[in-house]
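Participant: I am sharing structure.cif, which consists of mmCIF, C-alpha atoms:
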```
data_target
#
loop_
_atom_site.label_atom_id
_atom_site.label_comp_id
_atom_site.auth_asym_id
_atom_site.auth_seq_id
_atom_site.Cartn_x
_atom_site.Cartn_y
_atom_site.Cartn_z
CA MET A 1 0.00 0.00 0.00
CA GLY A 2 2.84 2.36 0.88
CA ARG A 3 4.60 1.65 -2.41
CA GLU A 4 1.43 2.36 -4.38
CA ARG A 5 0.98 5.62 -2.46
CA ASN A 6 4.52 6.67 -3.42
CA VAL A 7 3.88 5.81 -7.06
CA ASN A 8 0.70 7.90 -7.05
CA SER A 9 2.55 10.79 -5.43
CA THR A 10 5.23 10.59 -8.14
CA LYS A 11 2.52 10.66 -10.81
CA ARG A 12 1.04 13.78 -9.22
CA TYR A 13 4.40 15.53 -9.10
CA ILE A 14 5.19 14.67 -12.73
CA GLY A 15 1.73 15.83 -13.84
CA CYS A 16 2.02 19.10 -11.94
CA ILE A 17 5.47 19.81 -13.39
CA LEU A 18 4.26 19.17 -16.93
CA LEU A 19 1.17 21.32 -16.42
CA ALA A 20 3.19 24.14 -14.88
CA ALA A 21 5.72 24.04 -17.74
CA GLY A 22 2.95 24.01 -20.34
CA PHE A 23 1.10 26.95 -18.79
CA ALA A 24 4.37 28.86 -18.41
CA LEU A 25 5.07 28.48 -22.15
CA LEU A 26 1.48 29.46 -22.94
CA PHE A 27 1.66 32.60 -20.79
CA ILE A 28 5.12 33.75 -21.92
CA SER A 29 4.40 33.22 -25.63
CA ARG A 30 1.17 35.21 -25.38
CA ILE A 31 2.81 38.24 -23.76
CA SER A 32 6.10 38.05 -25.67
CA HIS A 33 5.94 37.41 -29.40
CA SER A 34 9.72 37.78 -29.56
CA PHE A 35 10.01 34.75 -27.25
CA ALA A 36 7.57 32.80 -29.44
CA GLN A 37 9.62 33.72 -32.50
CA TRP A 38 12.89 32.69 -30.85
CA TYR A 39 11.36 29.42 -29.64
CA SER A 40 9.89 28.63 -33.05
CA GLU A 41 13.22 29.19 -34.80
CA ASN A 42 15.61 27.62 -32.26
CA ILE A 43 13.81 25.14 -29.99
CA TYR A 44 10.84 23.82 -31.93
CA PRO A 45 13.03 22.46 -34.80
CA LEU A 46 14.67 20.17 -32.23
CA TRP A 47 11.33 18.48 -31.57
CA VAL A 48 10.66 18.15 -35.30
CA GLY A 49 14.10 16.62 -35.78
CA SER A 50 13.67 14.16 -32.90
CA ILE A 51 9.99 13.35 -32.28
CA GLY A 52 9.16 13.94 -35.94
CA ARG A 53 11.92 11.66 -37.17
CA LEU A 54 10.95 8.95 -34.69
CA SER A 55 7.29 9.11 -35.76
CA GLY A 56 8.42 9.08 -39.36
CA LEU A 57 9.86 5.60 -38.91
CA PHE A 58 6.32 4.22 -38.75
CA PRO A 59 4.57 3.69 -42.11
CA PHE A 60 1.20 4.45 -40.51
CA SER A 61 -0.11 7.42 -38.55
CA LEU A 62 1.34 6.91 -35.08
CA SER A 63 -1.01 9.50 -33.59
CA GLU A 64 -4.05 7.67 -34.98
CA VAL A 65 -2.96 4.31 -33.56
CA LEU A 66 -2.09 5.86 -30.19
CA LEU A 67 -5.55 7.44 -30.11
CA TYR A 68 -7.20 4.05 -30.58
CA LEU A 69 -4.98 2.50 -27.91
CA LEU A 70 -5.81 5.32 -25.50
CA ILE A 71 -9.54 4.87 -26.09
CA LEU A 72 -9.14 1.12 -25.61
CA TRP A 73 -7.21 1.68 -22.37
CA PHE A 74 -9.92 3.97 -21.00
CA ALA A 75 -12.64 1.49 -22.00
CA VAL A 76 -10.88 -1.56 -20.52
CA THR A 77 -9.65 0.00 -17.28
CA GLY A 78 -12.91 1.87 -16.76
CA GLY A 79 -14.95 -1.27 -17.44
CA VAL A 80 -12.88 -3.43 -15.12
CA ARG A 81 -13.11 -0.80 -12.41
CA ALA A 82 -16.88 -0.56 -12.78
CA GLY A 83 -17.14 -4.36 -12.56
CA ARG A 84 -15.09 -4.50 -9.41
CA ALA A 85 -17.23 -1.81 -7.86
CA VAL A 86 -20.18 -4.22 -7.90
CA ARG A 87 -18.21 -6.98 -6.20
CA LYS A 88 -16.00 -4.89 -3.98
CA LYS A 89 -16.77 -1.66 -2.17
CA GLU A 90 -13.25 -0.65 -1.19
CA GLN A 91 -12.24 0.98 -4.44
CA LYS A 92 -10.87 4.32 -3.28
CA ALA A 93 -7.19 3.41 -3.50
CA SER A 94 -7.58 1.79 -6.92
CA LEU A 95 -9.65 4.69 -8.25
CA TYR A 96 -7.10 7.18 -6.95
CA SER A 97 -4.33 5.31 -8.77
CA TRP A 98 -6.32 5.32 -12.00
CA LEU A 99 -7.08 9.03 -11.74
CA SER A 100 -3.40 9.73 -11.06
CA THR A 101 -2.52 7.95 -14.30
CA VAL A 102 -5.16 9.91 -16.21
CA PHE A 103 -3.78 13.14 -14.73
CA VAL A 104 -0.28 12.32 -15.95
CA ILE A 105 -1.56 11.46 -19.44
CA VAL A 106 -3.58 14.68 -19.75
CA SER A 107 -0.67 16.76 -18.42
CA MET A 108 1.75 15.15 -20.86
CA LEU A 109 -0.58 15.75 -23.82
CA PHE A 110 -1.02 19.38 -22.82
CA PHE A 111 2.74 19.85 -22.51
CA LEU A 112 3.38 18.23 -25.89
CA TYR A 113 0.72 20.44 -27.45
CA GLU A 114 2.39 23.59 -26.13
CA ILE A 115 5.96 22.72 -27.14
CA ASN A 116 4.96 21.48 -30.61
CA CYS A 117 2.09 23.78 -31.46
CA GLY A 118 0.76 26.26 -28.91
CA VAL A 119 3.79 28.55 -28.75
CA ASN A 120 4.01 28.74 -32.54
CA TYR A 121 0.61 30.44 -32.80
CA HIS A 122 2.22 33.59 -31.43
CA ARG A 123 5.30 33.74 -33.66
CA GLU A 124 5.89 36.08 -36.57
CA SER A 125 3.62 35.33 -39.51
CA PHE A 126 4.89 33.96 -42.82
CA ALA A 127 3.79 37.17 -44.53
CA GLU A 128 5.90 39.23 -42.12
CA SER A 129 8.97 37.03 -42.32
CA SER A 130 8.75 36.92 -46.14
CA GLY A 131 8.18 40.64 -46.54
CA ILE A 132 4.80 40.16 -48.22
CA GLU A 133 2.88 43.42 -48.35
CA LEU A 134 -0.84 42.93 -47.93
CA ARG A 135 -3.25 45.65 -48.94
CA GLU A 136 -6.86 45.95 -49.98
CA TYR A 137 -7.69 45.01 -53.56
CA SER A 138 -10.65 45.53 -55.83
CA SER A 139 -13.00 42.91 -57.20
CA ALA A 140 -11.49 43.64 -60.62
CA GLU A 141 -8.06 42.63 -59.32
CA LEU A 142 -9.51 39.49 -57.77
CA LYS A 143 -11.25 38.67 -61.05
CA GLU A 144 -7.92 39.00 -62.84
CA VAL A 145 -6.37 36.53 -60.39
CA CYS A 146 -9.25 34.09 -60.94
CA LEU A 147 -8.78 34.32 -64.71
CA TRP A 148 -5.06 33.71 -64.29
CA LEU A 149 -5.70 30.57 -62.20
CA THR A 150 -8.33 29.42 -64.68
CA GLU A 151 -5.73 29.52 -67.45
CA GLU A 152 -3.19 27.72 -65.26
CA ILE A 153 -5.71 24.93 -64.61
CA LYS A 154 -6.55 24.71 -68.31
CA ASP A 155 -2.90 24.07 -69.12
CA LEU A 156 -2.48 21.43 -66.41
CA SER A 157 -5.82 19.61 -66.30
CA GLY A 158 -5.22 17.65 -69.50
CA MET A 159 -1.79 16.46 -68.31
CA ALA A 160 -2.89 15.27 -64.85
CA GLU A 161 -3.25 11.50 -64.43
CA ARG A 162 -6.87 10.40 -64.08
CA ASP A 163 -8.90 7.29 -63.38
CA GLN A 164 -11.50 5.74 -65.65
CA ASP A 165 -14.09 8.27 -64.43
CA GLY A 166 -11.87 11.18 -65.36
CA VAL A 167 -11.06 12.07 -61.75
CA MET A 168 -7.49 13.01 -60.86
CA GLU A 169 -5.33 10.43 -59.09
CA ALA A 170 -2.75 11.67 -56.57
CA GLY A 171 -0.37 8.75 -57.11
CA ARG A 172 1.31 6.32 -54.71
CA ASP A 173 4.36 8.51 -54.16
CA ALA A 174 2.37 11.62 -53.22
CA GLY A 175 3.77 11.65 -49.68
CA GLU A 176 7.37 11.70 -50.90
CA GLU A 177 6.47 14.31 -53.52
CA ALA A 178 4.94 16.53 -50.82
CA ALA A 179 8.07 16.36 -48.66
CA ALA A 180 10.20 17.10 -51.74
CA ALA A 181 8.00 20.05 -52.73
CA MET A 182 8.28 21.58 -49.26
CA LYS A 183 12.06 21.04 -49.15
CA SER A 184 12.38 22.68 -52.55
CA LEU A 185 10.31 25.68 -51.43
CA GLY A 186 12.49 25.92 -48.33
CA LYS A 187 15.49 26.69 -50.56
CA THR A 188 13.95 30.00 -51.60
CA CYS A 189 11.63 30.84 -48.69
CA GLU A 190 13.25 31.63 -45.36
CA GLY A 191 11.74 29.72 -42.46
CA LEU A 192 10.63 26.74 -44.54
CA GLU A 193 13.97 24.96 -44.69
CA GLY A 194 14.51 21.81 -42.64
CA TYR A 195 13.40 18.21 -42.23
CA TYR A 196 10.04 17.08 -43.62
CA PRO A 197 8.62 13.64 -42.87
CA ARG A 198 6.29 11.88 -45.28
CA PRO A 199 2.62 12.84 -44.67
CA LYS A 200 0.43 9.90 -43.68
CA GLY A 201 -3.12 9.03 -44.64
CA LEU A 202 -5.34 7.83 -41.83
CA ILE A 203 -6.18 4.15 -41.62
CA VAL A 204 -9.78 5.13 -40.82
CA PRO A 205 -10.34 8.41 -42.73
CA TRP A 206 -14.00 8.42 -41.65
CA ILE A 207 -12.83 10.11 -38.42
CA LEU A 208 -11.86 13.21 -40.42
CA SER A 209 -14.62 12.92 -43.02
CA VAL A 210 -17.46 13.21 -40.48
CA GLN A 211 -15.78 16.35 -39.17
CA ASN A 212 -15.42 17.76 -42.70
CA LEU A 213 -11.65 17.86 -42.25
CA THR A 214 -9.15 17.23 -45.04
CA GLY A 215 -6.16 16.83 -42.71
CA VAL A 216 -4.75 17.39 -39.26
CA TYR A 217 -1.37 18.15 -37.72
CA SER A 218 -0.62 16.05 -34.65
CA PRO A 219 1.52 18.03 -32.16
CA PHE A 220 1.75 14.93 -29.95
CA THR A 221 3.72 12.95 -32.53
CA VAL A 222 4.75 15.81 -34.88
CA GLU A 223 3.00 14.20 -37.84
CA ALA A 224 1.20 15.54 -40.88
CA ASN A 225 -1.94 13.46 -41.38
CA TYR A 226 -4.45 13.69 -44.20
CA ASN A 227 -7.86 12.30 -45.08
CA SER A 228 -7.02 9.41 -47.39
CA GLY A 229 -10.65 8.89 -48.35
CA MET A 230 -11.36 12.29 -49.90
CA THR A 231 -11.21 13.22 -53.58
CA ASP A 232 -7.61 13.00 -54.74
CA TYR A 233 -7.23 16.54 -56.06
CA ASN A 234 -7.33 17.68 -52.41
CA ILE A 235 -4.51 15.39 -51.27
CA PRO A 236 -1.32 17.09 -52.59
CA PHE A 237 -2.45 20.50 -51.36
CA THR A 238 -3.53 19.11 -47.97
CA MET A 239 -0.23 17.28 -47.51
CA CYS A 240 1.74 20.48 -48.04
CA HIS A 241 -0.68 22.41 -45.82
CA GLU A 242 -0.13 20.06 -42.89
CA LEU A 243 3.63 19.94 -43.49
CA SER A 244 3.78 23.73 -43.26
CA HIS A 245 2.65 23.41 -39.64
CA LEU A 246 5.83 21.42 -38.97
CA ARG A 247 7.77 24.60 -39.75
CA GLY A 248 5.87 26.43 -37.03
CA PHE A 249 3.43 28.31 -39.25
CA MET A 250 0.14 27.58 -37.52
CA GLN A 251 -2.14 30.24 -39.00
CA GLU A 252 -4.46 28.44 -41.40
CA GLN A 253 -4.47 31.06 -44.14
CA GLU A 254 -0.68 30.98 -44.20
CA ALA A 255 -0.55 27.19 -44.20
CA ASN A 256 -2.91 27.32 -47.17
CA PHE A 257 -0.75 29.86 -48.96
CA ILE A 258 2.46 27.92 -48.29
CA ALA A 259 0.77 24.81 -49.67
CA PHE A 260 -0.29 26.82 -52.73
CA LEU A 261 3.31 27.93 -53.30
CA ALA A 262 4.79 24.48 -52.72
CA CYS A 263 2.35 22.84 -55.13
CA ARG A 264 2.78 25.51 -57.81
CA GLU A 265 6.55 25.22 -57.74
CA SER A 266 6.60 21.42 -57.64
CA GLU A 267 7.89 19.50 -60.65
CA ASN A 268 4.96 17.10 -60.25
CA ILE A 269 1.96 17.82 -62.51
CA GLN A 270 -0.52 16.44 -59.98
CA PHE A 271 0.76 18.83 -57.33
CA ARG A 272 0.73 21.87 -59.60
CA TYR A 273 -2.80 21.03 -60.66
CA SER A 274 -3.95 20.46 -57.06
CA GLY A 275 -2.45 23.75 -55.85
CA ASN A 276 -3.89 25.84 -58.65
CA LEU A 277 -7.36 24.26 -58.50
CA THR A 278 -7.57 24.64 -54.72
CA GLY A 279 -6.41 28.25 -54.98
CA TRP A 280 -8.98 28.81 -57.72
CA VAL A 281 -11.78 27.45 -55.49
CA TYR A 282 -10.85 29.79 -52.63
CA CYS A 283 -10.49 32.83 -54.87
CA MET A 284 -13.73 32.12 -56.72
CA ASN A 285 -15.63 31.73 -53.45
CA VAL A 286 -14.53 35.21 -52.40
CA LEU A 287 -15.25 36.64 -55.86
CA ARG A 288 -18.75 35.20 -55.75
CA ARG A 289 -19.48 37.00 -52.48
CA THR A 290 -17.98 40.32 -53.58
CA ASP A 291 -18.88 40.51 -57.29
CA TYR A 292 -21.37 37.91 -58.45
CA GLU A 293 -21.46 39.21 -62.02
CA ALA A 294 -17.68 38.85 -62.32
CA TRP A 295 -17.95 35.34 -60.89
CA GLU A 296 -20.57 34.45 -63.50
CA GLU A 297 -18.18 35.55 -66.25
CA VAL A 298 -15.26 33.46 -64.97
CA ARG A 299 -17.03 30.32 -63.77
CA PRO A 300 -17.90 28.80 -67.21
CA LEU A 301 -14.27 29.10 -68.33
CA LEU A 302 -13.01 26.31 -66.07
CA ALA A 303 -11.61 23.28 -67.94
CA PRO A 304 -14.05 20.34 -68.27
CA GLU A 305 -11.51 17.96 -66.69
CA ALA A 306 -11.49 20.11 -63.54
CA GLU A 307 -15.29 20.02 -63.41
CA ALA A 308 -15.08 16.25 -62.93
CA ASP A 309 -12.87 16.72 -59.86
CA LEU A 310 -15.12 19.36 -58.35
CA ALA A 311 -18.20 17.18 -58.92
CA ALA A 312 -16.51 14.19 -57.26
CA ASN A 313 -15.49 16.42 -54.38
CA ARG A 314 -19.02 17.72 -53.83
CA GLU A 315 -20.41 14.19 -53.96
CA PHE A 316 -17.90 12.99 -51.37
CA TRP A 317 -18.49 15.71 -48.78
CA GLU A 318 -22.28 15.70 -49.17
CA LYS A 319 -22.27 12.22 -47.63
CA TYR A 320 -20.88 13.63 -44.40
CA ASP A 321 -22.89 16.81 -43.98
CA GLY A 322 -24.71 16.67 -40.67
CA ALA A 323 -24.69 17.48 -36.97
CA VAL A 324 -21.19 16.09 -36.35
CA ALA A 325 -19.67 18.23 -39.09
CA GLU A 326 -21.49 21.30 -37.77
CA VAL A 327 -20.28 20.72 -34.21
CA SER A 328 -16.74 20.06 -35.46
CA ASN A 329 -16.80 23.31 -37.41
CA ARG A 330 -17.86 25.24 -34.32
CA VAL A 331 -15.19 23.59 -32.19
CA ASN A 332 -12.53 24.35 -34.79
CA ASP A 333 -13.77 27.93 -35.02
CA THR A 334 -13.52 28.35 -31.23
CA TYR A 335 -10.09 26.70 -31.16
CA LEU A 336 -8.68 29.02 -33.83
CA LYS A 337 -10.09 32.13 -32.16
CA ALA A 338 -8.65 31.03 -28.81
CA ASN A 339 -5.23 30.83 -30.47
CA GLY A 340 -5.26 34.35 -31.83
CA GLN A 341 -6.97 33.82 -35.20
CA ALA A 342 -9.85 36.27 -34.83
CA ASP A 343 -11.56 35.11 -38.04
CA GLY A 344 -11.81 31.51 -36.83
CA VAL A 345 -12.55 29.05 -39.63
CA LYS A 346 -12.97 32.01 -41.99
CA SER A 347 -9.20 32.47 -41.73
CA TYR A 348 -8.77 29.65 -44.26
CA ASN A 349 -10.20 32.01 -46.88
CA ARG A 350 -7.66 34.71 -45.99
CA MET A 351 -5.20 32.88 -48.21
CA VAL A 352 -6.87 34.77 -51.05
CA ASP A 353 -5.27 38.00 -49.79
CA LEU A 354 -1.88 36.32 -50.02
CA ILE A 355 -2.56 34.87 -53.48
CA VAL A 356 -3.51 38.31 -54.79
CA ALA A 357 -0.29 39.74 -53.32
CA TYR A 358 1.65 36.86 -54.90
CA TYR A 359 0.08 37.52 -58.29
CA ARG A 360 0.73 41.24 -58.00
CA TYR A 361 4.43 40.74 -57.35
CA GLU A 362 5.04 37.51 -59.26
CA GLY A 363 8.17 37.79 -61.37
CA GLN A 364 9.66 40.43 -59.10
CA LYS A 365 11.30 37.86 -56.82
CA ALA A 366 9.14 38.96 -53.89
CA PHE A 367 8.87 35.35 -52.71
#
```
Will you turn the file into structure tokens for me?

Facilitator:
Amino acid sequence: MGRERNVNSTKRYIGCILLAAGFALLFISRISHSFAQWYSENIYPLWVGSIGRLSGLFPFSLSEVLLYLLILWFAVTGGVRAGRAVRKKEQKASLYSWLSTVFVIVSMLFFLYEINCGVNYHRESFAESSGIELREYSSAELKEVCLWLTEEIKDLSGMAERDQDGVMEAGRDAGEEAAAAMKSLGKTCEGLEGYYPRPKGLIVPWILSVQNLTGVYSPFTVEANYNSGMTDYNIPFTMCHELSHLRGFMQEQEANFIAFLACRESENIQFRYSGNLTGWVYCMNVLRRTDYEAWEEVRPLLAPEAEADLAANREFWEKYDGAVAEVSNRVNDTYLKANGQADGVKSYNRMVDLIVAYYRYEGQKAF
């Protein structure tokens, strides 16, 4: 009994230390962006190079498997404990031990979240570090960008590999291509250089599909995970989006823009097509809200091959529209706002501002 009490005390101490360290990082990074910047550039890469490399040794999503094991552990230990409660009343010591273990697990997850994600929300933005000048633009300028992307898609859509239904196929080596595209972009964009593991598709993509999520960055294992069940044209762009988080750029609009750049500059046709089509979708959505007549002029010009991908994409996500997706969207919106992204889920669309700036200065070596 005494030994078990000492073990539980040790668990409490470890949990408290982890919690205190996590909250300290949270507090300091919120009040000092210079600290967050220093941490993101000097300390965080150490975790990517160690935890990320270790996770990269597994061909499957380590975070997904660990999630299932954690759920199984809670179900088994909770079930056994409930069963014993019927046969045996003296459960206080056992329950205390179980709660101590849960406390350590929660504290460790919170600490891992802060060191691999939380602090980075308060670092310098990619736009700032790259010297990108953002300013207001007219609907005419946005229309010009949409026309430009429409032409880019027209040139690429016929070269992209497709299945028998005419829908783009990402290819088996998409993960390696994504890592290569990000490494290549890192040669010209400061802050994006470094190690990139291969993104991993989930074994059970339904988990993301019901939440209307295309991918997720796991700060607990430093992994870039994507929804392997969605329409393939989304996959290259999503891979690069999640990999951008491994460089400490957590703002969603910037992760989108980095993915757009990485895909556009890739030597792989599938990636260039994916990046341009995804950028086109975002830009056209904004154009539709701001200038519907301009949108009507541009929309029919999209290549027929791309229409097949958009139709397949709509059909896929319509299957998962429902209460779970709505709740997930609200949770994600709250999470983003809590981490300094005032626009919440609308911040994803802010990549359009960056694309317009990119188009404006393209060819002037502004990126």

Participant: Decode the PyMOL selection byres ((chain A and resi 38-40) around 9) for the given file into explicit residues and return them as number ranges by chain.

Facilitator: A: 29, 33-37, 41-45, 115, 119-120, 123, 247-249

Participant: Using all atoms listed in the file, which residues sit within 12 Å of Glu161 of chain A once same-chain residues fewer than 3 positions away are excluded, as number ranges by chain?

Facilitator: A: 156-158, 164-172, 232-233, 268-271, 273-274, 305-306, 309

Participant: Ranking A:Ile235, A:Met230, A:Arg264, A:Arg350 by minimum distance to Ala312 of chain A and counting only C-alpha atoms, which one comes first?

Facilitator: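 Of A:Ile235, A:Met230, A:Arg264, A:Arg350, the one nearest Ala312 of chain A, counting only C-alpha atoms, is A:Met230.
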
Participant: Find the residues around segment 14-17 of chain A up to 7 Å (only C-alpha atoms counted), leave out those fewer than 5 positions away in its own chain, and share them as a list in words.

Facilitator: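 Listed by chain and then number, they are Phe103, Val104 and Ser107 of chain A.
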
Participant: Write a file of the selected residues as a PDB file, in the coordinates of the input, keeping C-alpha atoms.

Facilitator:
```pdb
ATOM      1  CA  PHE A 103      -3.780  13.140 -14.730  1.00  0.00           C
ATOM      2  CA  VAL A 104      -0.280  12.320 -15.950  1.00  0.00           C
ATOM      3  CA  SER A 107      -0.670  16.760 -18.420  1.00  0.00           C
TER       4      SER A 107
END
```

Participant: Grab the atom CA of Asp155 of chain A to atom CA of Glu176 of chain A distance for me, in Å with one decimal place.

Facilitator: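 Separation of atom CA of Asp155 of chain A and atom CA of Glu176 of chain A: 24.3 Å.
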
Participant: Counting all atoms listed in the file, which of A:Met284, A:Gln253, A:Tyr320, A:Lys187 gets nearest to Glu297 of chain A?

Facilitator: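 Closest to Glu297 of chain A, using all atoms listed in the file: A:Met284.
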
Participant: Could you check how far atom CA of Ser218 of chain A sits from atom CA of Ser63 of chain A, in Å to one decimal?

Facilitator: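 Between atom CA of Ser218 of chain A and atom CA of Ser63 of chain A the gap works out to 6.6 Å.
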
Participant: Which is closer to Val204 of chain A than all the others in A:Thr231, A:Asn285, A:Ser61, A:Ser244, using all atoms listed in the file?

Facilitator: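 Of A:Thr231, A:Asn285, A:Ser61, A:Ser244, the one nearest Val204 of chain A is A:Ser61, counting all atoms listed in the file.
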
Participant: Using all atoms listed in the file, which residue out of A:Trp317, A:Tyr121, A:Trp295, A:Trp73 lies closest to His245 of chain A?

Facilitator: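 Using all atoms listed in the file, His245 of chain A sits closest to A:Tyr121.
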
Participant: Compile the contact shell of Phe126 of chain A as a list in words: residues with an atom at most 10 Å away, counting all atoms listed in the file, same-chain residues fewer than 5 positions apart removed.

Facilitator: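 After dropping sequence-adjacent residues, the list is Gly131, Ile132, Cys189, Glu190, Gly191, Leu192, Gly248, Phe249, Met250, Gln251, Gln253, Glu254, Ala255, Phe257 and Ile258 of chain A.
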
Participant: Taking into account only C-alpha atoms, which residue in the set A:Arg299, A:Arg162, A:Lys319, A:Arg272 is nearest to Cys146 of chain A?

Facilitator: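 Closest to Cys146 of chain A of all the choices is A:Arg299.
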
Participant: Which protein, DNA or RNA residues have an atom at most 12 Å from (-0.8, 17.1, -21.2), counting only C-alpha atoms? List them as JSON, numbers by chain.

Facilitator: {"A": [14, 15, 16, 17, 18, 19, 20, 21, 22, 23, 101, 102, 103, 104, 105, 106, 107, 108, 109, 110, 111, 112, 113, 114, 115, 116, 219, 220]}

Participant: Using the chain letters and numbering of this document, enumerate as JSON, numbers by chain the residues selected by the PyMOL selection byres ((chain A and resi 134) around 12).

Facilitator: {"A": [126, 127, 128, 130, 131, 132, 133, 135, 136, 137, 350, 351, 352, 353, 354, 355, 356, 357, 358, 359, 360, 361]}
